[in-house]
Each structure stands twice: as structure tokens, then as C-alpha cells.
>>> print(open('input_7.cif').read())   # mmCIF, C-alpha atoms
data_final
loop_
_atom_site.label_atom_id
_atom_site.label_comp_id
_atom_site.auth_asym_id
_atom_site.auth_seq_id
_atom_site.Cartn_x
_atom_site.Cartn_y
_atom_site.Cartn_z
CA MET A 29 78.39 119.78 91.89
CA GLY A 30 81.52 121.91 91.48
CA TYR A 31 84.95 120.50 92.12
CA LEU A 32 85.31 122.48 95.35
CA GLU A 33 82.48 120.45 96.93
CA ARG A 34 83.05 117.05 95.34
CA PHE A 35 85.01 115.62 98.24
CA THR A 36 82.91 117.00 101.07
CA GLY A 37 81.78 113.93 103.01
CA ARG A 38 84.55 111.75 101.54
CA ALA A 39 87.52 113.03 103.56
CA ASN A 40 87.69 110.09 105.99
CA ASP A 41 87.55 107.59 103.13
CA TYR A 42 90.20 109.61 101.28
CA VAL A 43 92.52 109.22 104.27
CA ALA A 44 91.78 105.50 104.53
CA GLY A 45 91.65 104.57 100.87
CA ARG A 46 94.14 106.61 98.86
CA PRO A 47 97.62 105.28 97.99
CA SER A 48 100.91 106.95 98.85
CA TYR A 49 103.71 107.82 96.42
CA PRO A 50 107.15 106.20 95.99
CA ASP A 51 110.22 107.85 97.48
CA ALA A 52 111.82 107.95 94.02
CA CYS A 53 109.31 110.51 92.79
CA PHE A 54 110.29 112.93 95.58
CA ALA A 55 113.98 112.45 94.83
CA LEU A 56 113.18 113.46 91.25
CA LEU A 57 111.08 116.48 92.26
CA PHE A 58 113.85 117.87 94.48
CA ASP A 59 116.79 116.90 92.28
CA GLY A 60 118.96 119.92 91.48
CA LEU A 61 117.06 122.36 93.71
CA GLY A 62 119.68 122.32 96.46
CA ASN A 63 119.32 121.82 100.19
CA ALA A 64 115.78 120.57 100.84
CA ALA A 65 115.62 122.46 104.14
CA LYS A 66 115.84 125.72 102.16
CA ILE A 67 113.17 124.77 99.61
CA ARG A 68 109.62 126.11 99.75
CA VAL A 69 106.96 124.00 98.06
CA VAL A 70 103.43 125.13 97.29
CA ASP A 71 101.23 122.02 97.04
CA LEU A 72 98.02 122.84 95.14
CA GLY A 73 94.81 120.91 95.76
CA ALA A 74 96.46 119.28 98.76
CA GLY A 75 93.36 117.39 99.89
CA THR A 76 93.99 115.67 103.23
CA GLY A 77 97.72 116.31 103.02
CA ILE A 78 99.05 112.97 101.77
CA SER A 79 101.48 114.66 99.38
CA SER A 80 102.16 117.68 101.60
CA ARG A 81 103.32 115.51 104.51
CA LEU A 82 105.60 113.50 102.24
CA LEU A 83 107.10 116.65 100.73
CA ALA A 84 107.73 118.01 104.23
CA ALA A 85 109.22 114.70 105.36
CA HIS A 86 111.96 115.28 102.78
CA GLY A 87 112.88 118.50 104.57
CA ALA A 88 111.02 121.19 102.64
CA GLU A 89 108.76 123.92 103.94
CA VAL A 90 105.33 123.19 102.45
CA ILE A 91 102.36 125.48 101.89
CA ALA A 92 99.34 123.21 101.41
CA VAL A 93 96.61 124.96 99.39
CA GLU A 94 93.17 123.35 99.70
CA PRO A 95 89.78 125.06 99.29
CA ASN A 96 87.62 122.29 100.78
CA ALA A 97 87.22 122.67 104.56
CA ALA A 98 86.32 119.01 105.16
CA MET A 99 89.49 117.88 103.40
CA ARG A 100 91.65 120.31 105.36
CA GLU A 101 90.05 119.21 108.61
CA GLY A 102 90.77 115.57 107.72
CA ALA A 103 94.50 116.25 107.45
CA ALA A 104 96.84 115.06 110.18
CA PRO A 105 99.12 117.81 111.53
CA ALA A 106 102.69 117.68 110.26
CA PRO A 107 105.83 119.70 110.92
CA ASN A 108 106.73 122.20 108.19
CA VAL A 109 103.22 122.14 106.65
CA THR A 110 101.10 125.30 106.67
CA TRP A 111 97.54 125.18 105.35
CA VAL A 112 95.94 127.87 103.17
CA ALA A 113 92.21 127.89 102.41
CA ARG A 114 92.46 129.10 98.82
CA THR A 115 92.25 127.69 95.30
CA ALA A 116 94.96 126.61 92.86
CA GLU A 117 93.98 129.46 90.56
CA ASP A 118 94.19 132.12 93.30
CA THR A 119 96.45 131.11 96.19
CA GLY A 120 96.90 134.60 97.61
CA LEU A 121 100.60 133.83 98.11
CA PRO A 122 103.37 136.29 97.16
CA ASP A 123 104.98 136.44 93.74
CA ALA A 124 108.16 134.39 93.29
CA SER A 125 107.75 132.72 96.68
CA ALA A 126 108.23 129.02 95.78
CA ASP A 127 111.00 126.82 94.44
CA LEU A 128 108.59 124.01 93.56
CA VAL A 129 104.85 124.07 92.87
CA THR A 130 103.10 120.70 92.83
CA ALA A 131 99.68 119.20 92.22
CA PHE A 132 99.22 115.57 93.26
CA GLN A 133 96.15 113.85 91.83
CA ALA A 134 94.42 117.22 91.51
CA PHE A 135 95.29 119.25 88.39
CA HIS A 136 92.30 117.94 86.39
CA TRP A 137 89.98 119.75 88.82
CA PHE A 138 91.61 123.13 88.15
CA ASP A 139 91.01 125.70 85.46
CA ALA A 140 94.17 124.63 83.65
CA GLU A 141 95.25 127.94 82.13
CA ALA A 142 94.53 129.93 85.31
CA ALA A 143 96.36 127.36 87.46
CA ILE A 144 99.37 127.36 85.12
CA ALA A 145 99.49 131.17 85.28
CA GLU A 146 99.39 130.99 89.08
CA MET A 147 102.20 128.41 89.09
CA ARG A 148 104.32 130.73 86.93
CA ARG A 149 103.59 133.66 89.23
CA LEU A 150 104.57 131.69 92.34
CA LEU A 151 107.83 130.24 91.03
CA ARG A 152 111.19 131.81 91.68
CA PRO A 153 113.75 131.88 88.84
CA GLY A 154 115.13 128.37 88.44
CA GLY A 155 112.04 126.82 90.05
CA ARG A 156 109.82 124.12 88.62
CA ALA A 157 106.20 122.97 88.53
CA ALA A 158 105.13 119.34 88.67
CA LEU A 159 102.08 117.12 88.41
CA VAL A 160 102.12 113.73 90.11
CA TYR A 161 99.46 111.11 89.43
CA ASN A 162 98.90 107.57 90.58
CA GLU A 163 97.16 105.67 87.78
CA ARG A 164 96.15 102.03 87.73
CA ASP A 165 98.48 99.63 85.95
CA GLU A 166 95.94 97.29 84.41
CA HIS A 167 98.46 94.74 83.23
CA ASP A 168 97.68 93.17 86.60
CA ALA A 169 94.52 91.04 86.68
CA PHE A 170 93.03 92.38 89.93
CA THR A 171 93.82 95.98 89.01
CA ALA A 172 92.25 95.52 85.56
CA ALA A 173 89.14 93.99 87.10
CA TYR A 174 88.88 96.89 89.55
CA GLY A 175 89.28 99.30 86.61
CA ASP A 176 86.43 97.57 84.78
CA LEU A 177 84.29 97.93 87.90
CA VAL A 178 85.10 101.65 88.14
CA ARG A 179 84.26 102.26 84.49
CA ARG A 180 81.00 100.33 84.83
CA HIS A 181 79.82 102.33 87.84
CA ALA A 182 81.33 105.77 87.09
CA THR A 183 78.91 108.67 87.25
CA ASP A 184 80.97 111.00 85.03
CA ALA A 185 84.05 111.13 82.78
CA THR A 186 86.68 112.04 85.39
CA GLU A 187 88.84 109.05 84.36
CA GLY A 188 89.43 110.66 80.97
CA ARG A 189 89.65 114.14 82.43
CA ARG A 190 92.82 113.21 84.33
CA GLY A 191 94.65 112.33 81.13
CA TYR A 192 93.44 115.50 79.41
CA GLY A 193 94.69 117.59 82.32
CA ARG A 194 98.14 115.99 82.20
CA ALA A 195 98.33 116.54 78.44
CA THR A 196 97.36 120.21 78.81
CA PHE A 197 100.11 120.75 81.38
CA GLU A 198 102.63 118.79 79.31
CA LYS A 199 101.97 120.83 76.15
CA SER A 200 101.72 124.27 77.77
CA THR A 201 104.03 126.91 76.33
CA ALA A 202 104.47 128.49 79.78
CA TRP A 203 107.76 126.61 80.26
CA ALA A 204 110.55 125.65 77.90
CA ARG A 205 111.21 122.14 79.14
CA VAL A 206 109.26 119.05 80.09
CA SER A 207 110.16 115.67 81.56
CA ILE A 208 107.82 112.74 82.14
CA THR A 209 108.88 109.85 84.36
CA GLU A 210 106.96 106.79 85.51
CA PHE A 211 107.60 104.81 88.68
CA ARG A 212 106.12 101.53 89.79
CA ASN A 213 103.90 101.74 92.84
CA GLU A 214 101.44 99.51 94.63
CA GLN A 215 98.77 99.68 97.28
CA ILE A 216 98.07 96.70 99.53
CA LEU A 217 94.46 96.68 100.70
CA ASP A 218 92.18 94.63 102.90
CA ARG A 219 88.45 94.41 102.18
CA ALA A 220 87.67 97.63 104.05
CA GLY A 221 90.50 99.38 102.22
CA VAL A 222 89.07 98.55 98.79
CA HIS A 223 85.68 99.85 99.87
CA ALA A 224 87.32 103.01 101.24
CA ARG A 225 89.22 103.53 98.01
CA ALA A 226 85.95 103.41 96.06
CA LEU A 227 84.19 105.67 98.57
CA SER A 228 87.00 108.22 98.22
CA THR A 229 86.42 108.42 94.46
CA SER A 230 84.20 111.39 93.67
CA TYR A 231 82.80 109.90 90.47
CA LEU A 232 81.59 106.67 92.09
CA PRO A 233 78.24 106.55 93.92
CA ASN A 234 78.39 106.68 97.72
CA ALA A 235 74.70 106.37 98.60
CA GLY A 236 71.55 104.60 97.46
CA SER A 237 71.00 101.56 95.28
CA ALA A 238 73.82 102.46 92.88
CA ALA A 239 76.30 102.48 95.76
CA ASP A 240 74.88 99.20 97.09
CA ALA A 241 75.46 97.58 93.69
CA LEU A 242 79.00 98.97 93.53
CA HIS A 243 79.99 97.66 96.94
CA ALA A 244 78.41 94.27 96.32
CA ALA A 245 80.58 94.07 93.19
CA ILE A 246 83.64 95.06 95.25
CA ASP A 247 82.95 92.23 97.69
CA GLU A 248 82.72 89.74 94.81
CA LEU A 249 85.95 91.10 93.33
CA PHE A 250 87.77 90.92 96.65
CA ASP A 251 86.63 87.35 97.26
CA ARG A 252 87.92 86.35 93.82
CA TYR A 253 91.40 87.86 94.12
CA ALA A 254 92.29 88.13 97.83
CA SER A 255 95.11 86.11 99.31
CA ASP A 256 95.44 86.00 103.10
CA GLY A 257 92.83 88.73 103.32
CA LEU A 258 94.67 91.20 101.08
CA VAL A 259 94.81 92.37 97.46
CA THR A 260 97.45 94.46 95.70
CA MET A 261 96.52 97.36 93.46
CA HIS A 262 99.27 97.86 90.88
CA LEU A 263 99.93 101.50 90.04
CA LYS A 264 102.18 103.67 87.93
CA THR A 265 103.15 107.01 89.42
CA ILE A 266 103.49 109.54 86.60
CA VAL A 267 105.61 112.63 87.34
CA THR A 268 105.46 115.50 84.83
CA ILE A 269 107.90 118.34 85.52
CA ARG A 270 107.94 121.70 83.74
CA ALA A 271 110.80 124.20 84.01
CA ASP A 272 112.75 126.76 82.04
CA SER A 273 116.19 125.51 83.06
CA VAL A 274 117.75 122.14 82.31
CA LEU A 275 116.01 119.29 84.11
#
>>> encode(input="input_7.cif", output="C-alpha cells")
Amino acid sequence: MGYLERFTGRANDYVAGRPSYPDACFALLFDGLGNAAKIRVVDLGAGTGISSRLLAAHGAEVIAVEPNAAMREGAAPAPNVTWVARTAEDTGLPDASADLVTAFQAFHWFDAEAAIAEMRRLLRPGGRAALVYNERDEHDAFTAAYGDLVRRHATDATEGRRGYGRATFEKSTAWARVSITEFRNEQILDRAGVHARALSTSYLPNAGSAADALHAAIDELFDRYASDGLVTMHLKTIVTIRADSVL
């Protein structure tokens, strides 16, 4: 299955199960770009709009680019967000039309070199491109146990692909400068939320005996770690910014 179809059928679980991003990462993304109300952001691989809505909530005009119809249809409407049914490699948007181009939890699905070229084409002089990823912080016992469960049941190597994608972007010669910043983040989940998080993950089974085994293991994990019906997933939000001017 190609990446364009991987999340078809998972949009509702994506909405229910995916974490948000800390305010500090948006302050960093916009820092030095001027009045947020005058900033245009192109958000690549926008999914169900988690990142696009947050970018718009900080005052920017956001063009959310998402090729998967089910994901777009799962997005809640938001002021200042316009949806485009195109890919990260070919947005169809005008040259030099964005101050900030972002990809939240998505760059590893793109053709990296083609997406980087499209980012460069879209950016105005003085603009910047950024990847933002939530990754598990497995210093925490529950989060580490959930990570072990994911690795045990994974159907492909997407976990490693994320890191490779970030490294490719970080080392690209398309921009002169790079900054990498980590923020602490967390996601508080009830039992249904942990199941939804797993169901939103394209490289975990969502049907048949393999899915039954996965969700039985999630129930056991939740029972072991829950307090007052909740668990906390510890995360690190990694923000990688590329630009030609001083960051």
C-alpha cells in the first residue's frame, strides 16, 4: 500500500488518538517572522488538520496540503485554514508564496528530495521550512512498555523511517542553516484513547487475529499502569528548522 492510502479508514482514530503539540514549538516556528497575521504557512501532509488548526490559532493563514480524501474529510473546519488536495511533492501552489512551510509527523512519507525542492520553491526570501515530530520518551516506564508493544506488533519499519527522514532533512544542502530543538510533551489517555492511538498507527494491524492480539496486549498494559482510569504517554517534540538567514 502506498503512503497516500495508508491512513484511509484510520481518520477517526487519528482524530481521537493522536497527541497535540506544545505551544513553545509554535513560538519557535514563528519567531522572527514578524506579525503572525501576515504570515502564510503551507502545512504539508496535514492529515486531519491537528497542526494546521494550531498554526492558524496563532494567527497565520494556513494552506493545508493533504492528498488523502478520508483524512481531509475527518478534519474539523477552522478559521484561516484552506485545504488543498495535492501532495507534498507537487502542491500546485505559486512560487514564493509562503513564509513558513511545515510538515508535522509526515515528512517520512514524502519523496524527500522532491519535497525539499517543493519547499524551496514555495518559500519567500527570508522564509523557513520545518519538520515537527512527536516521538515517545521511553525514559518513562509506561511509554517504554508501549514502545515495546509497538515494536513487537509492527508490520513494517516506519519507526526507523521517521528518524531517517529527519536526518535527510537536517543534512540537506538546500539551506545554509539548521536548528534542532526538543520540547517536553505528554498525552493523557483513557483506555479508549490508547486503543485509538494504536488504531491510528498505519504500521500496526487494525483487523484480524493480529489486531486482536495487539489490543489484548494494550488492555493488559493499561491495567498495569493506569491510575484513576488514565495513563500518561511521555513525548519529546522535535522541531527541525531549515533556513538561509540567521535562526
>>> closest_residue(input="input_7.cif", among="A:Ala55, A:Ser237, A:Asp123, A:Gln133", to="Thr76 in chain A", atoms="all atoms listed in the file")
A:Gln133
>>> residues_around(input="input_7.cif", residues="Glu248 in chain A", least_positions_apart="6", cutoff="12 Å", atoms="only C-alpha atoms", output="JSON, numbers by chain")
{"A": [170, 173, 174, 177, 219, 222, 223, 241, 242, 254]}
>>> atom_distance(input="input_7.cif", atom1="CA of Pro122 in chain A", atom2="CA of Arg148 in chain A")
11.7 Å
>>> closest_residue(input="input_7.cif", among="A:Arg252, A:His262, A:Lys199, A:Arg68", to="Gly155 in chain A", atoms="only C-alpha atoms")
A:Arg68
>>> resolve_selection(input="input_7.cif", expression="the PyMOL selection byres ((chain A and resi 178) around 12)", output="VMD selection string")
chain A and resid 164 171 to 177 179 to 187 222 to 223 225 to 227 229 to 233 239 241 to 243 245 to 246 249
>>> resolve_selection(input="input_7.cif", expression="the PyMOL selection byres ((chain A and resi 105-115) around 12)", output="VMD selection string")
chain A and resid 31 to 32 64 to 104 116 to 121 131 134 to 135 137 to 139 142 to 143 146 to 147
>>> closest_residue(input="input_7.cif", among="A:Glu163, A:Asp168, A:Asp127, A:Asp218", to="Ala44 in chain A", atoms="all atoms listed in the file")
A:Asp218
>>> atom_distance(input="input_7.cif", atom1="CA of Arg46 in chain A", atom2="CA of Ser207 in chain A")
25.3 Å
>>> closest_residue(input="input_7.cif", among="A:Leu151, A:Ala244, A:Ala169, A:Ala195", to="His136 in chain A", atoms="all atoms listed in the file")
A:Ala195
>>> atom_distance(input="input_7.cif", atom1="CA of Asn40 in chain A", atom2="CA of Ser255 in chain A")
26.0 Å
>>> resolve_selection(input="input_7.cif", expression="the PyMOL selection byres ((chain A and resi 212) around 6)", output="number ranges by chain")
A: 211, 213, 264
>>> closest_residue(input="input_7.cif", among="A:Gly221, A:Gly60, A:Pro50, A:Gly45", to="Ile266 in chain A", atoms="only C-alpha atoms")
A:Pro50
>>> residues_near_point(input="input_7.cif", point="(109.5, 116.5, 77.2)", cutoff="9 Å", atoms="only C-alpha atoms", output="list of chain:residue names")
A:Glu198, A:Lys199, A:Arg205, A:Val206, A:Ser207, A:Ile208, A:Thr268, A:Ile269, A:Arg270
>>> write_last_selection(input="input_7.cif", atoms="C-alpha atoms", output="mmCIF file, in the frame of the given file")
data_model
loop_
_atom_site.group_PDB
_atom_site.id
_atom_site.type_symbol
_atom_site.label_atom_id
_atom_site.label_comp_id
_atom_site.auth_asym_id
_atom_site.auth_seq_id
_atom_site.Cartn_x
_atom_site.Cartn_y
_atom_site.Cartn_z
ATOM 1 C CA GLU A 198 102.630 118.790 79.310
ATOM 2 C CA LYS A 199 101.970 120.830 76.150
ATOM 3 C CA ARG A 205 111.210 122.140 79.140
ATOM 4 C CA VAL A 206 109.260 119.050 80.090
ATOM 5 C CA SER A 207 110.160 115.670 81.560
ATOM 6 C CA ILE A 208 107.820 112.740 82.140
ATOM 7 C CA THR A 268 105.460 115.500 84.830
ATOM 8 C CA ILE A 269 107.900 118.340 85.520
ATOM 9 C CA ARG A 270 107.940 121.700 83.740
#
>>> residues_near_point(input="input_7.cif", point="(102.2, 96.4, 100.9)", cutoff="10 Å", atoms="only C-alpha atoms", output="list of chain:residue names")
A:Asn213, A:Glu214, A:Gln215, A:Ile216, A:Leu217, A:Leu258, A:Val259, A:Thr260, A:Met261
>>> write_last_selection(input="input_7.cif", atoms="C-alpha atoms", output="PDB file, in the frame of the given file")
ATOM      1  CA  ASN A 213     103.900 101.740  92.840  1.00  0.00           C
ATOM      2  CA  GLU A 214     101.440  99.510  94.630  1.00  0.00           C
ATOM      3  CA  GLN A 215      98.770  99.680  97.280  1.00  0.00           C
ATOM      4  CA  ILE A 216      98.070  96.700  99.530  1.00  0.00           C
ATOM      5  CA  LEU A 217      94.460  96.680 100.700  1.00  0.00           C
ATOM      6  CA  LEU A 258      94.670  91.200 101.080  1.00  0.00           C
ATOM      7  CA  VAL A 259      94.810  92.370  97.460  1.00  0.00           C
ATOM      8  CA  THR A 260      97.450  94.460  95.700  1.00  0.00           C
ATOM      9  CA  MET A 261      96.520  97.360  93.460  1.00  0.00           C
TER      10      MET A 261
END
>>> decode(input="input_7.cif", residues="range 153-201 of chain A", atoms="C-alpha atoms", output="JSON list (two decimals), in the first residue's frame")
[["chain", "number", "residue", "atom", "x", "y", "z"],
["A", 153, "PRO", "CA", 13.17, 35.10, 0.69],
["A", 154, "GLY", "CA", 13.76, 35.02, 4.44],
["A", 155, "GLY", "CA", 11.30, 32.15, 4.91],
["A", 156, "ARG", "CA", 11.93, 28.83, 6.60],
["A", 157, "ALA", "CA", 10.98, 25.16, 6.42],
["A", 158, "ALA", "CA", 10.38, 22.99, 9.47],
["A", 159, "LEU", "CA", 9.69, 19.41, 10.48],
["A", 160, "VAL", "CA", 7.90, 18.74, 13.76],
["A", 161, "TYR", "CA", 7.70, 15.26, 15.26],
["A", 162, "ASN", "CA", 6.27, 13.85, 18.45],
["A", 163, "GLU", "CA", 8.40, 10.87, 19.49],
["A", 164, "ARG", "CA", 7.99, 8.69, 22.55],
["A", 165, "ASP", "CA", 10.22, 9.47, 25.51],
["A", 166, "GLU", "CA", 10.89, 5.96, 26.75],
["A", 167, "HIS", "CA", 12.60, 7.03, 29.95],
["A", 168, "ASP", "CA", 9.06, 6.70, 31.33],
["A", 169, "ALA", "CA", 8.03, 3.15, 32.24],
["A", 170, "PHE", "CA", 4.56, 3.16, 30.64],
["A", 171, "THR", "CA", 5.83, 4.86, 27.49],
["A", 172, "ALA", "CA", 8.70, 2.35, 27.20],
["A", 173, "ALA", "CA", 6.30, -0.55, 27.64],
["A", 174, "TYR", "CA", 4.01, 0.88, 24.96],
["A", 175, "GLY", "CA", 7.06, 1.27, 22.68],
["A", 176, "ASP", "CA", 7.96, -2.39, 23.23],
["A", 177, "LEU", "CA", 4.39, -3.33, 22.31],
["A", 178, "VAL", "CA", 4.56, -1.25, 19.12],
["A", 179, "ARG", "CA", 7.87, -2.79, 18.07],
["A", 180, "ARG", "CA", 6.56, -6.29, 18.77],
["A", 181, "HIS", "CA", 3.44, -5.84, 16.64],
["A", 182, "ALA", "CA", 4.74, -3.51, 13.91],
["A", 183, "THR", "CA", 4.06, -4.63, 10.36],
["A", 184, "ASP", "CA", 6.87, -2.59, 8.78],
["A", 185, "ALA", "CA", 9.88, -0.39, 9.60],
["A", 186, "THR", "CA", 8.14, 3.00, 9.79],
["A", 187, "GLU", "CA", 9.57, 3.62, 13.28],
["A", 188, "GLY", "CA", 13.06, 3.79, 11.80],
["A", 189, "ARG", "CA", 11.89, 5.59, 8.69],
["A", 190, "ARG", "CA", 10.89, 8.63, 10.75],
["A", 191, "GLY", "CA", 14.42, 9.10, 12.04],
["A", 192, "TYR", "CA", 15.89, 8.63, 8.57],
["A", 193, "GLY", "CA", 13.54, 11.27, 7.19],
["A", 194, "ARG", "CA", 14.52, 13.79, 9.87],
["A", 195, "ALA", "CA", 18.21, 13.12, 9.23],
["A", 196, "THR", "CA", 17.77, 13.62, 5.47],
["A", 197, "PHE", "CA", 16.08, 16.97, 6.04],
["A", 198, "GLU", "CA", 18.66, 18.00, 8.64],
["A", 199, "LYS", "CA", 21.61, 17.25, 6.35],
["A", 200, "SER", "CA", 20.15, 18.65, 3.12],
["A", 201, "THR", "CA", 22.30, 21.25, 1.37]]
